[in-house]
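Shown next, in structure tokens, is the structure this report addresses.
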Amino acid sequence: MQGPASNLYLCAVISLAAAVLLLVEATVFPAKAAFFLLAAPTIILALVLVHAAARAAALPFDDAIGRFASGVGLAIRPGGTPSVFAVLLYCAVIMGATGGYAWLALTRTGVTRDDVIVVWGLLDKRQPVFAYLVVVAFVLFHRAMGTLFFAPTYGWQDAVSPRRSWLARVAGAVVVAVVAYCWLGAEALRDVVPAGEATLARFYEYHSLVHLGALEQIRLGATPYIEAQTQYGPGNQLLAYALTKAFGFSNHGFHAGVLLVDVVCIVAFFVIVQQILGLGWALAGLVGWVLWPSPAAVIDPAGWAILTRWIAVPIVALLLARMLLVDGPRAASWLGPVAVGAIWGAGGFMSQENLSGGLLVLIFSLALYGPVCGRSLASLARFAGLFLGGGAMAFAALVAGTIGIDHTLDVLRQASRQSALVMVGVSNSVWSDNVGVTLTLKVVHGWWEDSLSTYGAVRPVLQTYGFAILLMVVVSLLAGYLGRSWRTASGEQRQFVQKFAGVAVGAYVLHLFALLRSDLPHFAGPSYLLPLLLMALPVFAWRCLRPGLGRGLLLLVSVALIAEAAIAGRSELVRHAEAATNSWKKSMAAREIYRALRAAEGQPLDVASRYSPIPRYQAAFRDTPSFAELEELAGLLRDKLQGRPVELVLPTPDDPMSDPELLYFFGGFRSVSGITSPRGSIWTKADRDAWIDTVVRAKNACVFFDSRSLDGPLFRAWNDAARNAVVSNEPIAGKRQYGVLSCK
């Protein structure tokens, strides 16, 4: 296996033929079982043929293939003579990557349109998403194999990392924190102060309301995340609960608490960027956050854009690049990887996005930096093990201290189930903004006529997929530079590349979450590092690429992107500059609201106080048409239930404010199932049937059926089960017939 390999072209042809055959098998036989039965012998037979060809004497047929490949620019020019093992490993990964892509992206998922609740969407994006991952992963593997086996180079040159005094670090952190707060943070707090007392505040919005019923379940004793279900992560739910409780346990208090978290995330992120990359990078990122989609653009729907959902991913990416490319083989201490892993584990506890994104960052960082960082494979394996161990311990400790160690598997199972549904295209809303492009070409009476028309927000969709291609190209070029020039680069050059590498890997992984959907909020939310990468891209192209057409093209594209963003975003730049001058005034107004909310902690709350505990803002809520009915229905149900849990079955029309989530929260009711917002949960018809089964089997349970929901699946299942049990049915009536309360 360690002997020199021969017939490289023949081995390549065998591998490519097997890869094409795997794709054909998955397309023709998309059932997973059938594909596995065909793919396994295909790969095994191909590896046997590769092994035989690599060990055989040089064949004339291989020379013929080589002449043809050289004629079309596909010659293989290894820097040394690869071993049979290296060739076998390389070909195995080609076929394994292709088979993995076919399994993940081309076979059936088991979820069809018939399985999806009627108000939901289903758009399977596995093919572009996994292509985005697999193509770059293979490029990195190719570079690693070239460095380690095909053209091995050895040696390590210490990177020159300038030492900054503690005074300079503290001063830089203070400057960046103040600028970040004035530029972005103070603007984010504007919605804490309602615009007026006569209109509903912006925090009375579906993305905020979707959390409230679950938070009420926790207040009434439910186990967080397990019995008070949410798709935003256990840590985020617990953080939101603590802050909501601190600010009067109201809709207003929830919104104020989440905005406070978001402002802290913004300021902390840019301080970390300044500490790791430098002051210039941090200031460039602040400008870029205004020019391109970024988390600053999605602060308004605070219930959805809890920025702790993604923040661990960019931090881990920046730290891993520094640890592997700057410290290199000198960093043999266990403390560094364990600490960074703990950041990943804590982030994973906050949200599933941090969990999966941080793991991808580790994989891509090791593949990109490992072959050139001067460490042995054993040292890299030890580094990865310490990182994963630190993350697992942090995650387990946080789960044990809050939800209970016995629920660890339940937390992981629920997070993976929801993410798997998102990956195959199940969503509780549309998967992209409605857009269209129409090009008309025709000749009328000898005259040429053409027209181009568009509708919808085309720019965000083009950016989502265009930046995905750009990120794939950039990471590939970065891998080429590291494999070709890293060991001979100057200290200043290596310093820049190390910083750019962390930004590129983090931006690449975070963009995966944007690819899952093409609407602007889902593109902007994870884009912590994308604006910073776009600002630094011309410098990378100029300093790190060889002169030629490729460098010129990348320079042209990168400069054009900055120019286009500056022109399109000039009004936003002016607005943020003006807002920064008023940041003190906005901060003082927000502080008064936070003080008023804090003073309401522990006070008894009625329905209006659940909207906002500040009396002067309640009038707008009391004046809504639904307030009187909501207050009356909540009072009638409380009198009948006397503290018993109840499942509220209400219709979910186009008006999201009629969601049962509101009645759970404003009325203070404990749910039987823990699913307080079916409209806001990611589930299929099978999940709905499981929910119905849970409610029907529950002992001492009550179900309130709204008068408009007396023909739903739960109503029919409950009545079928009630025929053999003692059940009391009581109409709930006030200003109108609200429905029926049925209790075992």
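Chain lettering (A, B, ...) mirrors the order of the structure tokens, residue numbering begins at 1 for each chain separately, and ligand numbering begins at 1 in order of display.
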
With the cut-off set at 12 Å and counting only C-alpha atoms, tabulate each residue of range 185-256 of chain A with an atom at most that distance from an atom of range 573-576 of chain A, showing the nearest atom pair and its distance in Å to one decimal, ordered by chain and increasing number, as a tab-separated table.
residue	atom	partner	partner_atom	distance
A:Gly185	CA	A:His576	CA	10.4
A:Ala186	CA	A:His576	CA	10.0
A:Glu187	CA	A:His576	CA	7.9
A:Ala188	CA	A:His576	CA	10.9

What's around range 691-703 of chain A at 10 Å? Count only C-alpha atoms, leave out sequence neighbours fewer than 3 positions away in its own chain, and write the answer as an mmCIF file with C-alpha atoms, in the first residue's frame.
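Saved result, result_2.cif, follows:
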data_model
loop_
_atom_site.group_PDB
_atom_site.id
_atom_site.type_symbol
_atom_site.label_atom_id
_atom_site.label_comp_id
_atom_site.auth_asym_id
_atom_site.auth_seq_id
_atom_site.Cartn_x
_atom_site.Cartn_y
_atom_site.Cartn_z
ATOM 1 C CA LEU A 641 -60.930 25.339 34.792
ATOM 2 C CA ARG A 644 -56.550 22.576 35.338
ATOM 3 C CA PRO A 645 -54.492 22.286 32.118
ATOM 4 C CA VAL A 646 -56.357 22.878 28.893
ATOM 5 C CA GLU A 647 -55.672 22.511 25.186
ATOM 6 C CA LEU A 648 -56.997 25.505 23.296
ATOM 7 C CA VAL A 649 -58.252 24.697 19.813
ATOM 8 C CA SER A 671 -51.245 23.540 27.936
ATOM 9 C CA VAL A 672 -51.837 19.788 27.980
ATOM 10 C CA SER A 673 -49.333 19.049 25.200
ATOM 11 C CA GLY A 674 -46.846 21.916 25.511
ATOM 12 C CA ILE A 675 -47.516 22.934 21.890
ATOM 13 C CA PRO A 678 -49.390 24.952 16.119
ATOM 14 C CA TRP A 683 -44.386 19.907 12.067
ATOM 15 C CA LYS A 685 -49.392 15.833 9.541
ATOM 16 C CA ALA A 686 -47.692 12.983 11.397
ATOM 17 C CA ASP A 687 -46.649 15.457 14.097
ATOM 18 C CA ARG A 688 -50.209 16.781 14.217
ATOM 19 C CA ASP A 706 -63.742 27.325 19.617
ATOM 20 C CA PRO A 713 -59.386 16.410 13.526
ATOM 21 C CA LEU A 714 -58.834 16.877 17.278
ATOM 22 C CA PHE A 715 -62.564 17.450 17.825
ATOM 23 C CA ALA A 717 -60.688 12.207 17.822
ATOM 24 C CA TRP A 718 -61.683 13.622 21.218
ATOM 25 C CA ASN A 719 -65.337 12.736 20.700
ATOM 26 C CA ASP A 720 -64.417 9.214 19.614
ATOM 27 C CA ALA A 721 -62.332 8.734 22.759
ATOM 28 C CA ALA A 722 -64.995 10.356 24.964
ATOM 29 C CA VAL A 727 -66.516 13.585 29.927
ATOM 30 C CA SER A 728 -68.313 16.806 30.777
ATOM 31 C CA ASN A 729 -69.150 19.279 28.040
ATOM 32 C CA VAL A 740 -67.329 24.241 24.199
ATOM 33 C CA LEU A 741 -65.125 23.245 27.133
ATOM 34 C CA SER A 742 -64.822 19.458 27.327
ATOM 35 C CA CYS A 743 -63.105 17.876 30.341
ATOM 36 C CA LYS A 744 -62.348 14.321 31.379
#

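Residues with any atom within 9 Å of Ala56 in chain A, counting only C-alpha atoms and excluding same-chain neighbours fewer than 4 positions away, are Ala5, Ser6, Asn7, His51 and Ala52 of chain A.
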
Residues of range 457-630 of chain A in alpha helix (DSSP H) according to DSSP, as a PyMOL selection string? chain A and resi 458-485+491-515+520-524+530-544+549-568+570-581+583-599+607-611+618-622+627-630

Okay, now the selection with C-alpha atoms, as a tab-separated table (two decimals), in the first residue's frame?
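File selection.tsv, as written:
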chain	number	residue	atom	x	y	z
A	458	VAL	CA	-35.11	40.33	-6.80
A	459	ARG	CA	-31.89	41.73	-5.32
A	460	PRO	CA	-31.90	39.66	-2.08
A	461	VAL	CA	-32.53	36.44	-4.01
A	462	LEU	CA	-29.72	37.21	-6.46
A	463	GLN	CA	-27.44	38.04	-3.56
A	464	THR	CA	-28.31	34.84	-1.70
A	465	TYR	CA	-27.26	32.57	-4.56
A	466	GLY	CA	-24.65	34.90	-6.09
A	467	PHE	CA	-22.80	35.28	-2.80
A	468	ALA	CA	-22.99	31.50	-2.33
A	469	ILE	CA	-21.05	31.01	-5.57
A	470	LEU	CA	-18.63	33.79	-4.60
A	471	LEU	CA	-18.00	32.21	-1.19
A	472	MET	CA	-17.29	28.84	-2.79
A	473	VAL	CA	-14.77	30.48	-5.14
A	474	VAL	CA	-13.12	32.48	-2.35
A	475	VAL	CA	-12.67	29.49	-0.02
A	476	SER	CA	-11.25	27.48	-2.93
A	477	LEU	CA	-8.79	30.27	-3.82
A	478	LEU	CA	-7.84	30.57	-0.17
A	479	ALA	CA	-7.15	26.84	-0.03
A	480	GLY	CA	-4.95	27.17	-3.12
A	481	TYR	CA	-3.00	30.02	-1.58
A	482	LEU	CA	-2.43	28.17	1.69
A	483	GLY	CA	-1.23	25.06	-0.13
A	484	ARG	CA	0.97	26.98	-2.56
A	485	SER	CA	2.33	30.08	-0.82
A	491	GLY	CA	4.99	37.71	8.20
A	492	GLU	CA	2.75	40.60	7.23
A	493	GLN	CA	1.19	38.59	4.42
A	494	ARG	CA	0.55	35.62	6.69
A	495	GLN	CA	-1.02	37.90	9.27
A	496	PHE	CA	-3.55	39.20	6.74
A	497	VAL	CA	-4.32	35.74	5.32
A	498	GLN	CA	-4.88	34.30	8.79
A	499	LYS	CA	-7.48	36.97	9.54
A	500	PHE	CA	-9.12	36.70	6.14
A	501	ALA	CA	-9.25	32.89	6.46
A	502	GLY	CA	-11.25	33.05	9.70
A	503	VAL	CA	-13.67	35.53	8.15
A	504	ALA	CA	-14.04	33.44	4.97
A	505	VAL	CA	-14.70	30.12	6.72
A	506	GLY	CA	-17.18	31.71	9.13
A	507	ALA	CA	-19.01	33.57	6.35
A	508	TYR	CA	-19.13	30.40	4.24
A	509	VAL	CA	-20.69	28.28	7.00
A	510	LEU	CA	-23.14	30.98	8.08
A	511	HIS	CA	-24.36	31.42	4.50
A	512	LEU	CA	-25.61	27.84	4.59
A	513	PHE	CA	-28.50	29.04	6.78
A	514	ALA	CA	-29.29	31.78	4.27
A	515	LEU	CA	-29.42	29.21	1.45
A	520	LEU	CA	-34.27	38.88	3.09
A	521	PRO	CA	-34.63	38.27	6.87
A	522	HIS	CA	-33.27	34.71	6.64
A	523	PHE	CA	-30.43	35.99	4.48
A	524	ALA	CA	-29.59	38.87	6.80
A	530	LEU	CA	-20.32	38.29	4.99
A	531	PRO	CA	-20.16	42.13	4.91
A	532	LEU	CA	-16.67	42.04	6.43
A	533	LEU	CA	-15.52	39.50	3.83
A	534	LEU	CA	-16.86	41.62	0.98
A	535	MET	CA	-15.01	44.67	2.32
A	536	ALA	CA	-11.72	42.70	2.54
A	537	LEU	CA	-12.10	40.79	-0.73
A	538	PRO	CA	-10.31	43.31	-3.01
A	539	VAL	CA	-7.31	43.27	-0.67
A	540	PHE	CA	-7.20	39.47	-0.77
A	541	ALA	CA	-7.43	39.44	-4.56
A	542	TRP	CA	-4.65	42.03	-4.93
A	543	ARG	CA	-2.23	40.66	-2.34
A	544	CYS	CA	-2.73	36.90	-2.51
A	549	LEU	CA	-7.17	36.98	-15.69
A	550	GLY	CA	-8.48	35.33	-12.50
A	551	ARG	CA	-7.11	38.02	-10.21
A	552	GLY	CA	-8.36	40.79	-12.50
A	553	LEU	CA	-11.83	39.27	-12.65
A	554	LEU	CA	-12.08	38.84	-8.87
A	555	LEU	CA	-10.83	42.40	-8.35
A	556	LEU	CA	-13.41	43.71	-10.78
A	557	VAL	CA	-16.25	41.77	-9.13
A	558	SER	CA	-15.24	42.70	-5.58
A	559	VAL	CA	-14.82	46.41	-6.31
A	560	ALA	CA	-18.09	46.43	-8.27
A	561	LEU	CA	-19.91	44.86	-5.33
A	562	ILE	CA	-18.63	47.52	-2.95
A	563	ALA	CA	-19.46	50.33	-5.39
A	564	GLU	CA	-22.97	48.98	-6.02
A	565	ALA	CA	-23.62	48.57	-2.30
A	566	ALA	CA	-22.32	52.08	-1.54
A	567	ILE	CA	-24.61	53.59	-4.18
A	568	ALA	CA	-27.66	51.53	-3.16
A	570	ARG	CA	-25.96	55.68	0.64
A	571	SER	CA	-29.26	56.69	2.23
A	572	GLU	CA	-28.77	54.03	4.94
A	573	LEU	CA	-25.29	55.35	5.64
A	574	VAL	CA	-26.67	58.86	6.06
A	575	ARG	CA	-29.52	57.60	8.24
A	576	HIS	CA	-27.21	55.70	10.57
A	577	ALA	CA	-24.87	58.67	10.78
A	578	GLU	CA	-27.78	60.91	11.78
A	579	ALA	CA	-29.06	58.28	14.20
A	580	ALA	CA	-25.64	58.09	15.84
A	581	THR	CA	-25.87	61.79	16.71
A	583	SER	CA	-28.00	57.97	20.26
A	584	TRP	CA	-27.83	59.64	23.68
A	585	LYS	CA	-31.43	60.87	23.44
A	586	LYS	CA	-32.65	57.45	22.31
A	587	SER	CA	-30.71	55.75	25.07
A	588	MET	CA	-32.22	57.93	27.76
A	589	ALA	CA	-35.75	57.32	26.44
A	590	ALA	CA	-35.13	53.56	26.35
A	591	ARG	CA	-33.65	53.64	29.86
A	592	GLU	CA	-36.84	55.16	31.23
A	593	ILE	CA	-38.90	52.40	29.64
A	594	TYR	CA	-36.61	49.71	31.05
A	595	ARG	CA	-36.91	51.26	34.50
A	596	ALA	CA	-40.70	51.33	34.24
A	597	LEU	CA	-40.80	47.71	33.09
A	598	ARG	CA	-38.39	46.66	35.83
A	599	ALA	CA	-40.60	48.32	38.42
A	607	VAL	CA	-54.98	40.94	30.31
A	608	ALA	CA	-54.04	44.53	29.45
A	609	SER	CA	-50.94	44.40	31.65
A	610	ARG	CA	-49.80	41.31	29.78
A	611	TYR	CA	-49.60	43.58	26.73
A	618	GLN	CA	-52.52	50.01	27.46
A	619	ALA	CA	-55.23	52.19	25.89
A	620	ALA	CA	-54.33	51.18	22.33
A	621	PHE	CA	-54.58	47.50	23.22
A	622	ARG	CA	-57.86	47.95	25.09
A	627	PHE	CA	-59.66	42.86	23.45
A	628	ALA	CA	-63.11	42.67	25.01
A	629	GLU	CA	-63.70	39.13	23.78
A	630	LEU	CA	-60.20	38.02	24.78

Considering only C-alpha atoms, state which residue in the set A:Met323, A:Leu220, A:Ala457, A:Ile266 is at the smallest distance from Cys182 in chain A. A:Ile266

If you run DSSP over the backbone, which residues in range 372-619 of chain A end up strand (DSSP E or B)? Put them as a PyMOL selection string. chain A and resi 426-427+436-444+447-455

File dump, residues just selected, C-alpha atoms, as a PDB file, in the first residue's frame:
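selection-v4.pdb, freshly written:
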ATOM      1  CA  VAL A 426     -40.862  21.956   5.482  1.00  0.00           C
ATOM      2  CA  SER A 427     -41.670  25.428   6.722  1.00  0.00           C
ATOM      3  CA  GLY A 436     -40.226  37.030 -11.028  1.00  0.00           C
ATOM      4  CA  VAL A 437     -38.214  37.981 -14.101  1.00  0.00           C
ATOM      5  CA  THR A 438     -39.846  38.154 -17.531  1.00  0.00           C
ATOM      6  CA  LEU A 439     -37.864  38.646 -20.752  1.00  0.00           C
ATOM      7  CA  THR A 440     -39.827  39.167 -23.959  1.00  0.00           C
ATOM      8  CA  LEU A 441     -38.241  39.079 -27.433  1.00  0.00           C
ATOM      9  CA  LYS A 442     -40.347  39.500 -30.578  1.00  0.00           C
ATOM     10  CA  VAL A 443     -40.460  41.035 -34.065  1.00  0.00           C
ATOM     11  CA  VAL A 444     -43.612  43.012 -34.936  1.00  0.00           C
ATOM     12  CA  TRP A 447     -39.464  46.028 -35.862  1.00  0.00           C
ATOM     13  CA  TRP A 448     -37.522  44.342 -33.092  1.00  0.00           C
ATOM     14  CA  GLU A 449     -39.152  44.633 -29.665  1.00  0.00           C
ATOM     15  CA  ASP A 450     -37.750  43.440 -26.352  1.00  0.00           C
ATOM     16  CA  SER A 451     -38.703  44.056 -22.771  1.00  0.00           C
ATOM     17  CA  LEU A 452     -37.411  43.011 -19.372  1.00  0.00           C
ATOM     18  CA  SER A 453     -39.676  43.249 -16.343  1.00  0.00           C
ATOM     19  CA  THR A 454     -39.310  42.106 -12.763  1.00  0.00           C
ATOM     20  CA  TYR A 455     -41.480  42.023  -9.687  1.00  0.00           C
TER      21      TYR A 455
END

Which residues are near Tyr738 in chain A? Cut-off 10 Å, only C-alpha atoms, ignore same chain within fewer than 4 positions. Put them as an MDAnalysis selection string. chainID A and resid 629 632:633 636 704:708 731:734

Out of A:Gly712, A:Gly401, A:Gly71, A:Gly99, which residue has the shortest atom-to-atom distance to Glu25 in chain A when counting only C-alpha atoms? A:Gly99

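Taking CA of Ser626 in chain A and CA of Gly303 in chain A as endpoints, the distance between them is 22.2 Å.
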
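If you count only C-alpha atoms and ignore residues fewer than 5 places along the chain from Phe138 in chain A, what sits within 9 Å of it is Val93, Ile94, Ala97, Leu133 and Arg143 of chain A.
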
Using the selection just defined, write its residues with C-alpha atoms as a short mmCIF file (atom, residue, chain, number, x, y, z; two decimals), in the first residue's frame.
data_model
loop_
_atom_site.label_atom_id
_atom_site.label_comp_id
_atom_site.auth_asym_id
_atom_site.auth_seq_id
_atom_site.Cartn_x
_atom_site.Cartn_y
_atom_site.Cartn_z
CA VAL A 93 -13.31 10.09 -1.18
CA ILE A 94 -14.39 11.00 -4.74
CA ALA A 97 -18.53 12.32 -1.58
CA LEU A 133 -21.13 21.92 1.11
CA ARG A 143 -5.67 20.55 -1.50
#

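The residue that comes closest to Cys265 in chain A, out of A:His252, A:Arg108, A:Arg309, A:Lys640 and on the basis of only C-alpha atoms, is A:Arg309.
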
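Using only C-alpha atoms, the protein and nucleic acid residues lying no more than 10 Å from Ala268 in chain A, apart from those fewer than 6 places from it along its own chain, are Ala173, Val176, Ala177, Ala180, Tyr181, Asp262, Gln274 and Ile311 of chain A.
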
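One distance worth recording is that between CA of Ala168 in chain A and CA of Trp281 in chain A, which is 15.5 Å.
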
Nearest candidate to Gly235 in chain A (options A:Gln414, A:Ser250, A:Ser490, A:Thr402; using only C-alpha atoms): A:Thr402

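If you look at CA of Ala19 in chain A and CA of Gly96 in chain A, they are 8.5 Å away from each other.
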
Identify, on the basis of only C-alpha atoms, every residue whose closest approach to Gly390 in chain A does not exceed 7 Å; exclude the query and any residue fewer than 5 positions from it along the same chain; express the result as a PyMOL selection string. chain A and resi 338-339+341-342

Emit the selected residues as a CSV table (one decimal), in the first residue's frame, including N, CA and C atoms.
chain,number,residue,atom,x,y,z
A,338,VAL,N,-10.1,23.4,24.3
A,338,VAL,CA,-11.2,23.1,25.2
A,338,VAL,C,-12.1,24.4,25.4
A,339,ALA,N,-11.4,25.6,25.5
A,339,ALA,CA,-12.1,26.8,25.7
A,339,ALA,C,-12.9,27.2,24.5
A,341,GLY,N,-14.0,25.1,22.3
A,341,GLY,CA,-15.1,24.1,22.2
A,341,GLY,C,-16.2,24.4,23.2
A,342,ALA,N,-15.8,25.0,24.4
A,342,ALA,CA,-16.9,25.4,25.3
A,342,ALA,C,-17.7,26.5,24.8
